[in-house]
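A.B. asks: To start, I am sharing the structure in question, which I have written as structure tokens.
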Amino acid sequence: MSEVGEDSGFLDVWADFGDDLPDPPAKRPVCDKCLRPSTACWCPYLPREPLSVHTTIYILQHPFEERKRSLQTGIMLKNGLAPGKCRILQGKRFSLKRYVRLNTTIIDANLCLKRYPELESVIANPNTILVFPGPKALDLNDYAETCRSDQNVNLIMLDGTWAQAKGIYNKSPFLHHLTQVQLSGTGLSEYVIRTQPNDSSLSTLETAAIALSAIEKSPTIRETLVRPLRAMCDFQIKHGAVRHQSKQYLIDNGLYKSRNDRNKITSAKS
Ligand SMILES: [Zn+2]
């Protein structure tokens with residue numbers, strides 16, 4: 001993880017997910033809400049009533065991320081918030097239909113307007129921000145201080161590995177015109193059964209929960225929204241999953257094995 005945001009205190013999902021646990025076999029009983037096996041359902045840890053917030057979150061998700069749907073944290077976010085407050089839109093780029101006016105500049109909106117027509121009004125809204133690290137990104141807390149607690153902010157996040165998220169950003173020029181924010185000083189991710197890129201990387205759920213708490217000026221939002229994530233990790237660890245160090249930690253300590261190295265070890269054992 002790299003040029004953008006190495007020290008940003010952000011983020012996310014752009015991890016090396018090669019060592020993920022697989023989705024459950026299709027024939028096992030599966031909860032139709034969280035898509036986990038019924039025995040591992042985290043739904044009881046969702047808020048009793050989905051949280052009503054002023055902010056609306058748009059997750060632009062790389063389609064490959066959907067394949068690991070039962071381990072996604074975006075679905076925890078969607079189920080934890082009131083209907084319509086978390087929209088998950090899939091695509092590798094959000095592109096190329098027509099031009100729109102944003103403030104005083106005509107820009108190439110590069111939207112999938114047919115699939116996601118709502119994005120047109122979202123990107124034209126001055127209260128729409130992009131959570132993505134970079135040199136021009138504001139600190140989230142500084143941005144949040146400028147917001148009223150009842151302000152209707154649209155918060156766009158990119159979901160995928162770091163390379164996938166960066167690809168979406170690069171191929172969707174309208175994102176470059178939005179106010180950009182990044183998180184800092186957030187501590188370690190609680191998504192301990194996945195390898196994060198570095199010790200400041202967070203899952204989609206955690207990133208959104210922190211951003212919502214700051215913008216809505218309500219610290220309890222973060223605590224409430226991450227409960228299902230903790231429950232899922234606790235369950236997996238009790239059933240044999242191991243806690244992962246970040247990829248950067250493993251590299252710094254000479255412990256990181258690339259996918260090729262892991263394949264070599266596996267073939268040597270067989
Ligand atoms: Zn469930």
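Following the order of the structure tokens, first chain is A, next is B, and so on, with residues numbered from 1 inside each chain and ligands from 1 in the order they appear.
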What do you get as an MDAnalysis selection string if you pick all residues at most 6 Å from ligand 1, counting only C-alpha atoms and all ligand atoms?
C.D. replies: chainID A and resid 31 33:34 41:43
A.B. asks: Can you list every residue in stretch 130-193 of chain A that DSSP puts in alpha helix (DSSP H), as a count of residues only?
C.D. replies: 16
A.B. asks: With distances taken over only C-alpha atoms, which residue among A:Ala231, A:Leu77, A:Val153, A:Ala82 lies nearest A:Leu51?
C.D. replies: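 Among the listed residues, A:Ala82 lies closest to A:Leu51.
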A.B. asks: Would you mind listing what lies within 12 Å of A:Pro83 as a list in words, with only C-alpha atoms counted and same-chain residues fewer than 2 positions away left out?
C.D. replies: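 Here the qualifying residues turn out to be Glu49, Pro50, Leu51, Ser52, Val53, His54, Thr56, Ile57, Leu77, Lys78, Asn79, Gly80, Leu81, Lys85, Cys86 and Arg87 of chain A.
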A.B. asks: With a distance cut-off of 7 Å and only C-alpha atoms, select the neighbouring residues of A:Leu140, excluding the residue or stretch itself and same-chain residues fewer than 2 positions from it, and output the selection as a list of chain:residue names.
C.D. replies: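 The contact residues come out as A:Leu138, A:Asp142, A:Tyr143, A:Ala144, A:Val181, A:Gln182, A:Leu183.
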A.B. asks: Which residue is closest to A:Ser172? Choose from A:Lys136, A:Arg48, A:Arg227, A:Lys92 and count only C-alpha atoms.
C.D. replies: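 The shortest atom-to-atom distance to A:Ser172 comes from A:Lys92.
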A.B. asks: Measure the distance from atom CA of A:Leu60 to atom CA of A:Ala165 in Å and round it to one decimal.
C.D. replies: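 If I compute the distance from atom CA of A:Leu60 to atom CA of A:Ala165, I get 8.6 Å.
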A.B. asks: Using only C-alpha atoms, which residues of stretch 141-195 of chain A come within 10 Å of stretch 128-131 of chain A, and what is the closest atom pair for each, with the distance in Å to one decimal? Give it as a tab-separated table, sorted by chain and residue number.
C.D. replies:
```
residue	atom	partner	partner_atom	distance
A:Tyr143	CA	A:Ile129	CA	9.6
A:Asn152	CA	A:Thr128	CA	8.8
A:Val153	CA	A:Thr128	CA	5.8
A:Asn154	CA	A:Thr128	CA	4.4
A:Leu155	CA	A:Ile129	CA	5.1
A:Ile156	CA	A:Leu130	CA	4.7
A:Met157	CA	A:Val131	CA	5.4
A:Leu158	CA	A:Val131	CA	7.7
A:Leu175	CA	A:Leu130	CA	7.1
A:His176	CA	A:Leu130	CA	8.8
A:His177	CA	A:Leu130	CA	9.3
A:Leu178	CA	A:Ile129	CA	5.8
A:Thr179	CA	A:Ile129	CA	4.9
A:Gln180	CA	A:Leu130	CA	4.7
A:Val181	CA	A:Val131	CA	5.0
A:Gln182	CA	A:Val131	CA	5.7
A:Leu183	CA	A:Val131	CA	8.1
```
A.B. asks: The selected residues should be written to file as an mmCIF file, in the first residue's frame (atoms: C-alpha atoms).
C.D. replies:
```cif
data_model
loop_
_atom_site.group_PDB
_atom_site.id
_atom_site.type_symbol
_atom_site.label_atom_id
_atom_site.label_comp_id
_atom_site.auth_asym_id
_atom_site.auth_seq_id
_atom_site.Cartn_x
_atom_site.Cartn_y
_atom_site.Cartn_z
ATOM 1 C CA TYR A 143 -13.824 18.139 8.045
ATOM 2 C CA ASN A 152 -26.943 15.405 5.129
ATOM 3 C CA VAL A 153 -23.483 14.326 4.050
ATOM 4 C CA ASN A 154 -22.956 11.781 1.276
ATOM 5 C CA LEU A 155 -19.911 9.718 2.004
ATOM 6 C CA ILE A 156 -18.329 7.742 -0.854
ATOM 7 C CA MET A 157 -15.984 4.840 -0.082
ATOM 8 C CA LEU A 158 -14.093 2.504 -2.421
ATOM 9 C CA LEU A 175 -14.071 11.208 -7.860
ATOM 10 C CA HIS A 176 -11.060 13.492 -8.286
ATOM 11 C CA HIS A 177 -13.268 16.568 -8.003
ATOM 12 C CA LEU A 178 -14.844 15.682 -4.685
ATOM 13 C CA THR A 179 -13.755 16.877 -1.262
ATOM 14 C CA GLN A 180 -11.423 14.121 -0.095
ATOM 15 C CA VAL A 181 -10.895 13.060 3.514
ATOM 16 C CA GLN A 182 -8.754 10.500 5.289
ATOM 17 C CA LEU A 183 -8.694 9.038 8.775
#
```
A.B. asks: Contacts of A:Tyr116 at 10 Å or less, counting only C-alpha atoms, minus same-chain residues fewer than 6 places along, as number ranges by chain?
C.D. replies: A: 89-90, 94
A.B. asks: Using DSSP on the backbone coordinates, identify the residues of stretch 176-227 of chain A assigned to strand (DSSP E or B); present them as a PyMOL selection string.
C.D. replies: chain A and resi 179-182
A.B. asks: Kindly give the distance, in Å, that separates atom CA of A:Ile59 and atom CA of A:Asp159, rounded to a single decimal.
C.D. replies: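 Pair atom CA of A:Ile59 / atom CA of A:Asp159 returns 6.4 Å.
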